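> Enclosed is the structure file my_file02.txt (compact mmCIF, C-alpha atoms).
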```txt
# COMPACT_ATOMS: atom_id res chain seq x y z
CA MET A 1 -23.09 3.03 10.47
CA PHE A 2 -21.07 0.09 9.25
CA ILE A 3 -21.53 -1.16 5.74
CA VAL A 4 -22.25 -4.85 5.96
CA SER A 5 -21.12 -6.24 2.65
CA SER A 6 -20.78 -9.87 1.71
CA ARG A 7 -18.05 -11.43 3.77
CA ARG A 8 -14.93 -12.05 1.77
CA ARG A 9 -11.85 -13.35 3.43
CA ALA A 10 -9.04 -11.00 2.63
CA LEU A 11 -5.49 -11.84 3.51
CA CYS A 12 -2.59 -9.56 4.09
CA TYR A 13 0.87 -10.97 4.30
CA VAL A 14 4.11 -9.35 5.12
CA LYS A 15 7.04 -11.65 4.58
CA THR A 16 10.31 -9.87 4.52
CA ARG A 17 13.87 -10.95 4.34
CA PHE A 18 14.58 -8.50 7.18
CA PHE A 19 13.13 -11.01 9.60
CA ALA A 20 15.49 -13.95 9.79
CA ASP A 21 13.87 -15.78 12.70
CA LEU A 22 10.44 -16.00 11.15
CA ALA A 23 11.24 -18.78 8.71
CA THR A 24 7.80 -19.33 7.29
CA SER A 25 5.45 -16.52 6.33
CA ALA A 26 6.03 -13.87 8.92
CA LEU A 27 3.10 -11.76 9.86
CA VAL A 28 -0.17 -13.19 8.75
CA ARG A 29 -3.43 -11.52 9.36
CA SER A 30 -6.72 -12.54 7.94
CA PHE A 31 -9.78 -10.41 8.11
CA ASP A 32 -13.12 -9.78 6.66
CA ALA A 33 -13.55 -7.22 3.97
CA ASP A 34 -16.31 -5.32 5.69
CA SER A 35 -15.53 -3.07 8.59
CA ASN A 36 -17.78 -4.83 11.05
CA ILE A 37 -15.71 -7.21 13.11
CA MET A 38 -16.89 -8.88 16.28
CA ALA A 39 -14.43 -8.99 19.14
CA ASP A 40 -14.38 -12.79 19.13
CA GLU A 41 -13.25 -12.96 15.54
CA VAL A 42 -10.27 -10.69 15.95
CA GLU A 43 -8.00 -13.64 16.83
CA GLN A 44 -5.64 -14.33 14.01
CA GLN A 45 -6.42 -17.34 11.91
CA PRO A 46 -3.49 -19.62 11.06
CA THR A 47 -1.91 -19.48 7.61
CA THR A 48 -3.41 -21.84 5.12
CA ASN A 49 -0.86 -23.38 2.83
CA THR A 50 -3.42 -24.28 0.21
CA VAL A 51 -4.34 -22.01 -2.63
CA GLU A 52 -7.99 -21.18 -2.18
CA GLU A 53 -8.53 -17.90 -3.95
CA PRO A 54 -6.71 -15.88 -6.61
CA LEU A 55 -5.01 -13.70 -4.01
CA ASP A 56 -3.37 -16.82 -2.65
CA LEU A 57 -1.46 -17.07 -5.90
CA ILE A 58 0.15 -13.75 -5.09
CA ARG A 59 0.98 -15.07 -1.64
CA LEU A 60 3.07 -17.73 -3.36
CA SER A 61 5.19 -14.95 -4.88
CA LEU A 62 6.00 -13.26 -1.59
CA ASP A 63 9.67 -12.37 -1.30
CA GLU A 64 10.15 -13.31 -4.93
CA ARG A 65 10.85 -11.06 -7.84
CA ILE A 66 7.65 -10.30 -9.73
CA TYR A 67 6.48 -8.43 -12.76
CA VAL A 68 3.60 -6.01 -12.31
CA LYS A 69 1.77 -4.51 -15.23
CA MET A 70 0.13 -1.22 -14.36
CA ARG A 71 -2.20 1.25 -16.00
CA ASN A 72 -0.82 3.95 -18.30
CA ASP A 73 1.69 1.62 -19.95
CA ARG A 74 3.82 1.12 -16.88
CA GLU A 75 5.60 -1.99 -15.73
CA LEU A 76 7.35 -2.73 -12.49
CA ARG A 77 9.88 -5.41 -11.75
CA GLY A 78 10.78 -5.85 -8.14
CA ARG A 79 10.77 -8.03 -5.05
CA LEU A 80 7.35 -8.37 -3.44
CA HIS A 81 7.52 -7.70 0.28
CA ALA A 82 3.87 -7.21 1.13
CA TYR A 83 0.45 -6.87 -0.39
CA ASP A 84 -3.14 -6.52 0.68
CA GLN A 85 -6.61 -7.22 -0.68
CA HIS A 86 -6.59 -4.01 -2.73
CA LEU A 87 -3.31 -5.10 -4.31
CA ASN A 88 -1.50 -2.24 -2.62
CA MET A 89 2.04 -3.60 -2.69
CA ILE A 90 5.42 -2.96 -1.21
CA LEU A 91 8.14 -3.68 -3.74
CA GLY A 92 11.86 -3.60 -3.12
CA ASP A 93 14.61 -2.89 -5.67
CA VAL A 94 12.08 -1.99 -8.30
CA GLU A 95 12.67 -0.96 -11.86
CA GLU A 96 9.81 1.02 -13.39
CA THR A 97 9.43 1.04 -17.16
CA VAL A 98 7.22 3.64 -18.80
CA THR A 99 6.49 3.01 -22.46
CA THR A 100 5.46 5.80 -24.78
CA VAL A 101 4.53 5.79 -28.43
CA GLU A 102 5.66 8.64 -30.59
CA ILE A 103 4.28 8.91 -34.09
CA ASP A 104 6.63 10.32 -36.67
CA GLU A 105 5.04 13.26 -38.42
CA GLU A 106 6.12 12.44 -41.97
CA THR A 107 6.31 8.69 -42.11
CA TYR A 108 3.57 8.04 -39.53
CA GLU A 109 5.56 5.20 -38.16
CA GLU A 110 5.22 4.40 -34.48
CA LEU A 111 8.32 4.86 -32.38
CA TYR A 112 8.18 3.03 -29.04
CA LYS A 113 10.23 4.62 -26.33
CA SER A 114 10.66 3.30 -22.84
CA THR A 115 11.97 5.17 -19.81
CA LYS A 116 13.31 3.24 -16.87
CA ARG A 117 14.07 4.26 -13.35
CA ASN A 118 15.13 2.45 -10.21
CA ILE A 119 13.61 2.92 -6.78
CA PRO A 120 14.89 1.11 -3.67
CA MET A 121 11.56 0.70 -1.86
CA LEU A 122 8.18 1.54 -3.26
CA PHE A 123 4.60 1.48 -2.05
CA VAL A 124 2.26 0.91 -4.98
CA ARG A 125 -1.40 1.82 -4.75
CA GLY A 126 -3.53 -1.13 -5.77
CA ASP A 127 -5.93 0.61 -8.10
CA GLY A 128 -3.16 1.10 -10.65
CA VAL A 129 -2.26 -2.57 -10.80
CA VAL A 130 -3.46 -4.56 -13.80
CA LEU A 131 -1.67 -7.86 -13.40
CA VAL A 132 0.93 -9.60 -11.29
CA ALA A 133 3.16 -12.33 -12.69
CA PRO A 134 6.55 -13.95 -12.24
CA PRO A 135 9.24 -12.01 -14.12
CA LEU A 136 9.14 -12.58 -17.86
CA ARG A 137 11.84 -14.76 -19.30
CA VAL A 138 13.63 -13.23 -22.27
CA GLY A 139 13.04 -15.03 -25.58
CA MET B 1 -1.44 15.79 16.80
CA ALA B 2 -3.65 12.72 16.78
CA MET B 3 -1.57 9.59 16.61
CA VAL B 4 -4.51 7.30 15.96
CA VAL B 5 -7.67 8.19 14.06
CA ASN B 6 -10.74 8.68 16.15
CA SER B 7 -13.20 6.82 13.96
CA ILE B 8 -13.78 3.12 14.61
CA ARG B 9 -14.48 2.54 10.95
CA GLU B 10 -11.21 4.15 9.88
CA ARG B 11 -9.28 2.21 12.50
CA THR B 12 -10.64 -1.05 11.17
CA ILE B 13 -9.97 -0.17 7.55
CA THR B 14 -6.42 0.84 8.46
CA GLU B 15 -5.76 -2.30 10.45
CA ASN B 16 -6.80 -4.48 7.54
CA SER B 17 -4.77 -2.97 4.73
CA MET B 18 -1.29 -1.73 3.88
CA VAL B 19 -2.27 1.86 4.58
CA ILE B 20 -1.03 1.17 8.07
CA LEU B 21 2.51 1.30 6.75
CA LEU B 22 1.88 4.73 5.25
CA GLN B 23 0.57 5.88 8.60
CA GLY B 24 3.87 4.86 10.09
CA LEU B 25 5.54 7.24 7.67
CA GLN B 26 4.19 10.25 9.53
CA GLY B 27 7.05 12.63 10.23
CA GLU B 28 9.25 11.26 7.45
CA VAL B 29 10.23 13.05 4.28
CA THR B 30 9.06 11.08 1.26
CA THR B 31 8.19 11.47 -2.37
CA VAL B 32 4.67 10.78 -3.53
CA ASP B 33 4.12 10.09 -7.23
CA LEU B 34 0.69 11.15 -8.32
CA ARG B 35 -1.58 9.73 -10.97
CA ASN B 36 -1.15 12.85 -13.07
CA GLU B 37 2.58 12.17 -13.47
CA SER B 38 3.58 14.89 -11.01
CA THR B 39 5.56 14.32 -7.83
CA ALA B 40 5.44 15.88 -4.39
CA ARG B 41 8.33 15.61 -1.97
CA GLY B 42 7.74 16.69 1.60
CA ARG B 43 7.24 15.69 5.20
CA VAL B 44 4.23 13.47 5.83
CA VAL B 45 1.91 15.07 8.35
CA ASN B 46 -0.95 12.64 8.25
CA VAL B 47 -2.28 9.70 6.28
CA ASP B 48 -5.83 8.48 6.78
CA ALA B 49 -7.51 5.16 6.09
CA PHE B 50 -8.37 6.18 2.53
CA MET B 51 -4.73 7.03 1.80
CA ASN B 52 -5.43 10.78 1.71
CA VAL B 53 -2.06 12.34 2.50
CA ARG B 54 -1.18 15.69 3.97
CA LEU B 55 2.37 16.90 3.34
CA GLU B 56 4.23 19.97 4.58
CA ASP B 57 7.21 21.89 3.19
CA VAL B 58 6.58 20.39 -0.18
CA LEU B 59 8.54 20.61 -3.38
CA TYR B 60 5.93 19.92 -6.04
CA ARG B 61 7.13 19.04 -9.50
CA ASP B 62 4.45 18.94 -12.15
CA ARG B 63 4.65 16.66 -15.16
CA LEU B 64 6.45 19.30 -17.19
CA GLY B 65 9.18 19.47 -14.56
CA GLN B 66 8.14 22.84 -13.19
CA LEU B 67 8.94 23.18 -9.49
CA THR B 68 6.69 24.83 -6.94
CA GLN B 69 7.24 25.27 -3.23
CA LEU B 70 4.21 24.62 -1.08
CA GLN B 71 3.79 24.89 2.63
CA ASP B 72 0.91 22.47 2.89
CA LEU B 73 -0.38 19.96 0.36
CA PHE B 74 -3.34 17.62 0.62
CA ILE B 75 -3.41 14.71 -1.82
CA THR B 76 -6.52 12.61 -2.28
CA GLY B 77 -5.82 8.91 -1.88
CA ARG B 78 -7.21 8.14 -5.33
CA ASN B 79 -4.63 10.38 -6.94
CA ILE B 80 -1.65 8.54 -5.57
CA ARG B 81 0.29 6.19 -7.77
CA TYR B 82 3.40 5.50 -5.67
CA VAL B 83 4.81 6.42 -2.30
CA HIS B 84 8.56 6.17 -1.98
CA ILE B 85 9.54 4.54 1.28
CA PRO B 86 12.69 5.98 2.87
CA ASP B 87 15.62 3.56 2.88
CA HIS B 88 16.13 3.65 6.62
CA MET B 89 12.64 2.46 7.45
CA ASP B 90 12.08 -0.91 9.06
CA ILE B 91 8.80 -1.99 7.54
CA MET B 92 7.93 -4.82 9.90
CA LYS B 93 8.67 -2.74 12.99
CA THR B 94 6.65 0.19 11.69
CA ILE B 95 3.62 -1.97 10.92
CA GLU B 96 3.82 -3.72 14.28
CA SER B 97 4.10 -0.48 16.21
CA GLN B 98 1.16 1.01 14.31
CA LEU B 99 -0.95 -2.06 15.04
CA ALA B 100 0.03 -1.87 18.70
CA LYS B 101 -1.17 1.73 18.82
CA ILE B 102 -4.55 0.75 17.44
CA HIS B 103 -4.92 -2.14 19.86
CA ARG B 104 -3.99 0.09 22.76
CA VAL B 105 -6.72 2.52 21.84
CA ARG B 106 -9.20 -0.25 21.25
CA ASN B 107 -8.59 -1.91 24.60
CA PHE B 108 -8.48 1.33 26.50
CA GLY B 109 -11.76 1.04 28.35
CA SER B 110 -12.19 -2.72 28.52
CA GLU B 111 -9.94 -3.58 31.46
CA GLY B 112 -11.75 -1.30 33.89
CA GLY B 113 -15.09 -2.71 32.82
CA GLY B 114 -15.66 0.20 30.48
CA ARG B 115 -17.23 0.17 27.10
CA LYS B 116 -15.61 -2.22 24.64
CA GLU B 117 -14.98 -1.06 21.11
CA PHE B 118 -16.83 -3.95 19.50
CA ALA B 119 -19.94 -5.63 20.83
CA LYS B 120 -19.41 -9.12 22.15
CA LYS B 121 -21.00 -11.71 19.90
CA THR B 122 -24.06 -13.07 21.69
CA LYS B 123 -24.82 -16.69 20.88
```
Any chance you could give the structure as structure tokens?


Amino acid sequence: MFIVSSRRRALCYVKTRFFADLATSALVRSFDADSNIMADEVEQQPTTNTVEEPLDLIRLSLDERIYVKMRNDRELRGRLHAYDQHLNMILGDVEETVTTVEIDEETYEELYKSTKRNIPMLFVRGDGVVLVAPPLRVG
Amino acid sequence: MAMVVNSIRERTITENSMVILLQGLQGEVTTVDLRNESTARGRVVNVDAFMNVRLEDVLYRDRLGQLTQLQDLFITGRNIRYVHIPDHMDIMKTIESQLAKIHRVRNFGSEGGGRKEFAKKTK
């Protein structure tokens, strides 16, 4: 049985620099969030250039470098290649920063440590994502 | 080995999210970072619509760095944090070929007047 939930338009974009001939947003698919799709509605709807919903703001950052704050004190900085309605993302050239707090036994002062690592191409599961923003400017 | 899932619901979920790229990873050796800070590196056997992953010939490193060799590992989709995509993969091509597979299965019966996957909308 299909779960008929309220119909939300969810957009998935894949715009990559690997595709030189597709100048504007490359592969655009729009679909309903519930699994019940009628055959007539499977035709792809054209890209809207207007910002209608919060996910459209992420669409504006496609192929740009972004900053992603994740759960468990993690941050990612990388180039956004693709995303979907769950905020699963494909990031290229990403630098992951994990921040830990160590408390000194005697002085009880907090020592913030961060570990970084670089990954060429990463698929990020959306449920770990807290926020998406343009990269932070220093200062 | 099933190339496309047999459930209509799973096919639709896959078609509408980025899991389709992970399904294209089947047969590749990748590293999966789990939510519990451990990592599993092995060959992807199967990924379903809910991102549950089955790996084979796995090197499992727990968060303390301890290594374990496993022949078969099943990871629940919820427990995945990252999936490393191999450098040589063409993402667009993989997604397009996966979508083509789904559409082929979906249109299988319709040309010969067989049963269509989705009911035609009656106005």

> Skip Val105 of chain B itself and residues of its chain fewer than 3 positions away, then list as a list in words all residues within 10 Å of it, counting only C-alpha atoms.

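Here the qualifying residues turn out to be Val4, Val5, Asn6, Arg11, Ala100, Lys101, Ile102, Phe108, Gly109 and Glu117 of chain B.
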
> Go through B:Arg41, B:Leu70, B:Phe50, B:Arg61 and flag the residue nearest chain A, using all atoms listed in the file for the distances.

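Among the listed residues, B:Phe50 lies closest to chain A.
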
> So how far away is atom CA of Phe74 of chain B from atom CA of Gly42 of chain B, in Å?

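So the answer is 11.2 Å.
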
> Could you pull the residues within 9 Å of Arg35 of chain B, counting all atoms listed in the file, minus those fewer than 3 positions along the same chain, as a list of chain:residue names?

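Neighbouring residues, sequence-local ones excluded: A:Gly128, B:Ser38, B:Arg78, B:Asn79, B:Ile80, B:Arg81, B:Tyr82.
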
> Excluding Val129 of chain A and its own-chain neighbours fewer than 2 positions away, which residues fall within 7 Å of it when counting all atoms listed in the file? Please give them as a PDB file with C-alpha atoms, keeping the file's coordinate frame.


```pdb
ATOM      1  CA  VAL A  68       3.600  -6.010 -12.310  1.00  0.00           C
ATOM      2  CA  LYS A  69       1.770  -4.510 -15.230  1.00  0.00           C
ATOM      3  CA  MET A  70       0.130  -1.220 -14.360  1.00  0.00           C
ATOM      4  CA  ARG A  71      -2.200   1.250 -16.000  1.00  0.00           C
ATOM      5  CA  GLY A 126      -3.530  -1.130  -5.770  1.00  0.00           C
ATOM      6  CA  ASP A 127      -5.930   0.610  -8.100  1.00  0.00           C
ATOM      7  CA  LEU A 131      -1.670  -7.860 -13.400  1.00  0.00           C
TER       8      LEU A 131
END
```

> Report, as lines of an AutoDock Vina configuration file, the axis-aligned box around all atoms of segment 36-45 of chain B present in the file, extended by 5 Å on each side; give centre and edge lengths in Å to one decimal place.


```
center_x = 3.6
center_y = 14.4
center_z = -2.6
size_x = 19.5
size_y = 14.5
size_z = 31.8
```

> Env of Ile20 of chain B: 9 Å cut, atoms = all atoms listed in the file, seq-sep filter 2 positions within chain, self excluded. Answer as an mmCIF file with C-alpha atoms, in the frame of the given file.


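Done, and the output landed in selection_39.cif:
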```cif
data_model
loop_
_atom_site.group_PDB
_atom_site.id
_atom_site.type_symbol
_atom_site.label_atom_id
_atom_site.label_comp_id
_atom_site.auth_asym_id
_atom_site.auth_seq_id
_atom_site.Cartn_x
_atom_site.Cartn_y
_atom_site.Cartn_z
ATOM 1 C CA THR B 14 -6.420 0.840 8.460
ATOM 2 C CA GLU B 15 -5.760 -2.300 10.450
ATOM 3 C CA ASN B 16 -6.800 -4.480 7.540
ATOM 4 C CA SER B 17 -4.770 -2.970 4.730
ATOM 5 C CA MET B 18 -1.290 -1.730 3.880
ATOM 6 C CA LEU B 22 1.880 4.730 5.250
ATOM 7 C CA GLN B 23 0.570 5.880 8.600
ATOM 8 C CA GLY B 24 3.870 4.860 10.090
ATOM 9 C CA LEU B 25 5.540 7.240 7.670
ATOM 10 C CA VAL B 47 -2.280 9.700 6.280
ATOM 11 C CA ASP B 48 -5.830 8.480 6.780
ATOM 12 C CA ALA B 49 -7.510 5.160 6.090
ATOM 13 C CA THR B 94 6.650 0.190 11.690
ATOM 14 C CA ILE B 95 3.620 -1.970 10.920
ATOM 15 C CA GLN B 98 1.160 1.010 14.310
ATOM 16 C CA LEU B 99 -0.950 -2.060 15.040
#
```

> Which residue, A:Thr107, A:Tyr83, A:Val101, A:Leu136, has the smallest gap to chain B when you use all atoms listed in the file?

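Smallest distance to chain B is found for A:Tyr83.
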
> How far is it from atom CA of Arg125 of chain A to atom CA of Gly92 of chain A, in Å with one decimal?

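For atom CA of Arg125 of chain A relative to atom CA of Gly92 of chain A, the distance reads 14.4 Å.
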
> Do you know which residues are at most 8 Å from Tyr67 of chain A counting all atoms listed in the file, after dropping those on the same chain fewer than 6 positions away, and could you put them as a PDB file with C-alpha atoms, keeping the file's coordinate frame?


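Listed below is the output, out-v3.pdb:
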```
ATOM      1  CA  GLU A  75       5.600  -1.990 -15.730  1.00  0.00           C
ATOM      2  CA  LEU A  76       7.350  -2.730 -12.490  1.00  0.00           C
ATOM      3  CA  ARG A  77       9.880  -5.410 -11.750  1.00  0.00           C
ATOM      4  CA  GLY A  78      10.780  -5.850  -8.140  1.00  0.00           C
ATOM      5  CA  VAL A 132       0.930  -9.600 -11.290  1.00  0.00           C
ATOM      6  CA  ALA A 133       3.160 -12.330 -12.690  1.00  0.00           C
ATOM      7  CA  PRO A 134       6.550 -13.950 -12.240  1.00  0.00           C
ATOM      8  CA  PRO A 135       9.240 -12.010 -14.120  1.00  0.00           C
ATOM      9  CA  LEU A 136       9.140 -12.580 -17.860  1.00  0.00           C
TER      10      LEU A 136
END
```

> Report the distance between atom CA of Ser114 of chain A and atom CA of Thr30 of chain B in Å, rounded to one decimal place.

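These atoms are spaced 25.4 Å apart.
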
> Name the closest residue to His88 of chain B among the candidates B:Asp62, B:Asp72, B:Glu28, B:Asp33; distances are taken between atoms, counting only C-alpha atoms.

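The answer is B:Glu28, which sits nearest to His88 of chain B.
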
> Between B:Gly27, B:Leu73, B:Asn36, B:Leu59, which one has atoms that come closest to chain A, using all atoms listed in the file?

B:Asn36

> Which is closest to chain A among B:Val45, B:Val19, B:Ala40, B:Leu64, if we use all atoms listed in the file?

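Ranking B:Val45, B:Val19, B:Ala40, B:Leu64 by distance to chain A, first place goes to B:Val19.
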
> Using only C-alpha atoms, can you tell me which of A:Arg117, A:Glu109, A:His86, A:Val130 comes closest to chain B?

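Under the stated criterion, the closest residue is A:His86.
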
> With all heavy atoms retained, output segment 52-63 of chain B as a PDB file, in the first residue's frame.


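Below you can see result.pdb, which holds the result:
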```pdb
ATOM      1  N   ASN B  52      20.219   1.020   3.170  1.00  0.00           N
ATOM      2  CA  ASN B  52      20.835  -0.140   3.808  1.00  0.00           C
ATOM      3  C   ASN B  52      21.879  -0.672   2.831  1.00  0.00           C
ATOM      4  O   ASN B  52      21.612  -0.818   1.642  1.00  0.00           O
ATOM      5  CB  ASN B  52      19.804  -1.244   4.077  1.00  0.00           C
ATOM      6  CG  ASN B  52      18.711  -0.791   5.015  1.00  0.00           C
ATOM      7  OD1 ASN B  52      18.944   0.008   5.919  1.00  0.00           O
ATOM      8  ND2 ASN B  52      17.504  -1.294   4.800  1.00  0.00           N
ATOM      9  N   VAL B  53      23.081  -0.949   3.342  1.00  0.00           N
ATOM     10  CA  VAL B  53      24.181  -1.349   2.467  1.00  0.00           C
ATOM     11  C   VAL B  53      24.695  -2.721   2.869  1.00  0.00           C
ATOM     12  O   VAL B  53      24.883  -2.994   4.058  1.00  0.00           O
ATOM     13  CB  VAL B  53      25.355  -0.331   2.568  1.00  0.00           C
ATOM     14  CG1 VAL B  53      26.516  -0.770   1.713  1.00  0.00           C
ATOM     15  CG2 VAL B  53      24.896   1.043   2.159  1.00  0.00           C
ATOM     16  N   ARG B  54      24.928  -3.550   1.874  1.00  0.00           N
ATOM     17  CA  ARG B  54      25.588  -4.823   2.142  1.00  0.00           C
ATOM     18  C   ARG B  54      26.975  -4.764   1.505  1.00  0.00           C
ATOM     19  O   ARG B  54      27.095  -4.451   0.323  1.00  0.00           O
ATOM     20  CB  ARG B  54      24.769  -5.991   1.583  1.00  0.00           C
ATOM     21  CG  ARG B  54      25.575  -7.275   1.557  1.00  0.00           C
ATOM     22  CD  ARG B  54      24.714  -8.523   1.489  1.00  0.00           C
ATOM     23  NE  ARG B  54      24.302  -8.952   2.813  1.00  0.00           N
ATOM     24  CZ  ARG B  54      23.042  -9.162   3.181  1.00  0.00           C
ATOM     25  NH1 ARG B  54      22.056  -8.977   2.325  1.00  0.00           N
ATOM     26  NH2 ARG B  54      22.774  -9.533   4.399  1.00  0.00           N
ATOM     27  N   LEU B  55      27.991  -5.070   2.310  1.00  0.00           N
ATOM     28  CA  LEU B  55      29.373  -5.058   1.813  1.00  0.00           C
ATOM     29  C   LEU B  55      29.969  -6.447   1.943  1.00  0.00           C
ATOM     30  O   LEU B  55      29.587  -7.212   2.821  1.00  0.00           O
ATOM     31  CB  LEU B  55      30.234  -4.092   2.649  1.00  0.00           C
ATOM     32  CG  LEU B  55      29.873  -2.616   2.657  1.00  0.00           C
ATOM     33  CD1 LEU B  55      30.685  -1.905   3.716  1.00  0.00           C
ATOM     34  CD2 LEU B  55      30.146  -1.983   1.318  1.00  0.00           C
ATOM     35  N   GLU B  56      30.943  -6.752   1.080  1.00  0.00           N
ATOM     36  CA  GLU B  56      31.654  -8.027   1.220  1.00  0.00           C
ATOM     37  C   GLU B  56      33.164  -7.777   1.254  1.00  0.00           C
ATOM     38  O   GLU B  56      33.638  -6.741   0.785  1.00  0.00           O
ATOM     39  CB  GLU B  56      31.290  -8.996   0.099  1.00  0.00           C
ATOM     40  CG  GLU B  56      31.734  -8.566  -1.264  1.00  0.00           C
ATOM     41  CD  GLU B  56      31.348  -9.567  -2.341  1.00  0.00           C
ATOM     42  OE1 GLU B  56      30.680 -10.566  -2.030  1.00  0.00           O
ATOM     43  OE2 GLU B  56      31.729  -9.342  -3.488  1.00  0.00           O
ATOM     44  N   ASP B  57      33.875  -8.732   1.838  1.00  0.00           N
ATOM     45  CA  ASP B  57      35.332  -8.631   2.018  1.00  0.00           C
ATOM     46  C   ASP B  57      35.685  -7.318   2.686  1.00  0.00           C
ATOM     47  O   ASP B  57      36.378  -6.466   2.124  1.00  0.00           O
ATOM     48  CB  ASP B  57      36.069  -8.725   0.674  1.00  0.00           C
ATOM     49  CG  ASP B  57      35.852 -10.074   0.017  1.00  0.00           C
ATOM     50  OD1 ASP B  57      35.717 -11.056   0.773  1.00  0.00           O
ATOM     51  OD2 ASP B  57      35.799 -10.132  -1.217  1.00  0.00           O
ATOM     52  N   VAL B  58      35.166  -7.181   3.881  1.00  0.00           N
ATOM     53  CA  VAL B  58      35.214  -5.884   4.550  1.00  0.00           C
ATOM     54  C   VAL B  58      36.361  -5.810   5.546  1.00  0.00           C
ATOM     55  O   VAL B  58      36.636  -6.755   6.264  1.00  0.00           O
ATOM     56  CB  VAL B  58      33.891  -5.653   5.308  1.00  0.00           C
ATOM     57  CG1 VAL B  58      33.881  -4.306   5.976  1.00  0.00           C
ATOM     58  CG2 VAL B  58      32.721  -5.815   4.370  1.00  0.00           C
ATOM     59  N   LEU B  59      36.989  -4.631   5.563  1.00  0.00           N
ATOM     60  CA  LEU B  59      37.925  -4.324   6.626  1.00  0.00           C
ATOM     61  C   LEU B  59      37.196  -3.328   7.527  1.00  0.00           C
ATOM     62  O   LEU B  59      36.953  -2.188   7.117  1.00  0.00           O
ATOM     63  CB  LEU B  59      39.192  -3.695   6.046  1.00  0.00           C
ATOM     64  CG  LEU B  59      40.400  -3.728   6.979  1.00  0.00           C
ATOM     65  CD1 LEU B  59      40.862  -5.155   7.168  1.00  0.00           C
ATOM     66  CD2 LEU B  59      41.531  -2.887   6.411  1.00  0.00           C
ATOM     67  N   TYR B  60      36.826  -3.753   8.702  1.00  0.00           N
ATOM     68  CA  TYR B  60      36.045  -2.918   9.604  1.00  0.00           C
ATOM     69  C   TYR B  60      36.963  -2.349  10.669  1.00  0.00           C
ATOM     70  O   TYR B  60      37.656  -3.086  11.376  1.00  0.00           O
ATOM     71  CB  TYR B  60      34.928  -3.756  10.240  1.00  0.00           C
ATOM     72  CG  TYR B  60      34.059  -2.991  11.200  1.00  0.00           C
ATOM     73  CD1 TYR B  60      33.023  -2.192  10.731  1.00  0.00           C
ATOM     74  CD2 TYR B  60      34.267  -3.070  12.574  1.00  0.00           C
ATOM     75  CE1 TYR B  60      32.223  -1.494  11.612  1.00  0.00           C
ATOM     76  CE2 TYR B  60      33.459  -2.373  13.457  1.00  0.00           C
ATOM     77  CZ  TYR B  60      32.438  -1.591  12.967  1.00  0.00           C
ATOM     78  OH  TYR B  60      31.636  -0.902  13.839  1.00  0.00           O
ATOM     79  N   ARG B  61      36.980  -1.047  10.750  1.00  0.00           N
ATOM     80  CA  ARG B  61      37.809  -0.390  11.764  1.00  0.00           C
ATOM     81  C   ARG B  61      36.888   0.270  12.757  1.00  0.00           C
ATOM     82  O   ARG B  61      36.138   1.178  12.380  1.00  0.00           O
ATOM     83  CB  ARG B  61      38.717   0.634  11.090  1.00  0.00           C
ATOM     84  CG  ARG B  61      39.501   1.493  12.074  1.00  0.00           C
ATOM     85  CD  ARG B  61      40.471   2.395  11.350  1.00  0.00           C
ATOM     86  NE  ARG B  61      41.601   1.602  10.862  1.00  0.00           N
ATOM     87  CZ  ARG B  61      42.202   1.790   9.707  1.00  0.00           C
ATOM     88  NH1 ARG B  61      41.820   2.739   8.926  1.00  0.00           N
ATOM     89  NH2 ARG B  61      43.199   1.035   9.334  1.00  0.00           N
ATOM     90  N   ASP B  62      36.930  -0.147  14.011  1.00  0.00           N
ATOM     91  CA  ASP B  62      36.037   0.484  14.978  1.00  0.00           C
ATOM     92  C   ASP B  62      36.643   1.807  15.441  1.00  0.00           C
ATOM     93  O   ASP B  62      37.736   2.182  15.026  1.00  0.00           O
ATOM     94  CB  ASP B  62      35.715  -0.456  16.138  1.00  0.00           C
ATOM     95  CG  ASP B  62      36.910  -0.703  17.035  1.00  0.00           C
ATOM     96  OD1 ASP B  62      37.929  -0.006  16.903  1.00  0.00           O
ATOM     97  OD2 ASP B  62      36.819  -1.610  17.877  1.00  0.00           O
ATOM     98  N   ARG B  63      35.927   2.525  16.287  1.00  0.00           N
ATOM     99  CA  ARG B  63      36.353   3.887  16.612  1.00  0.00           C
ATOM    100  C   ARG B  63      37.653   3.940  17.380  1.00  0.00           C
ATOM    101  O   ARG B  63      38.301   4.973  17.461  1.00  0.00           O
ATOM    102  CB  ARG B  63      35.254   4.610  17.380  1.00  0.00           C
ATOM    103  CG  ARG B  63      35.064   4.063  18.765  1.00  0.00           C
ATOM    104  CD  ARG B  63      34.320   5.051  19.595  1.00  0.00           C
ATOM    105  NE  ARG B  63      33.053   4.507  20.009  1.00  0.00           N
ATOM    106  CZ  ARG B  63      32.072   5.233  20.515  1.00  0.00           C
ATOM    107  NH1 ARG B  63      32.209   6.518  20.633  1.00  0.00           N
ATOM    108  NH2 ARG B  63      30.961   4.675  20.873  1.00  0.00           N
TER     109      ARG B  63
END
```
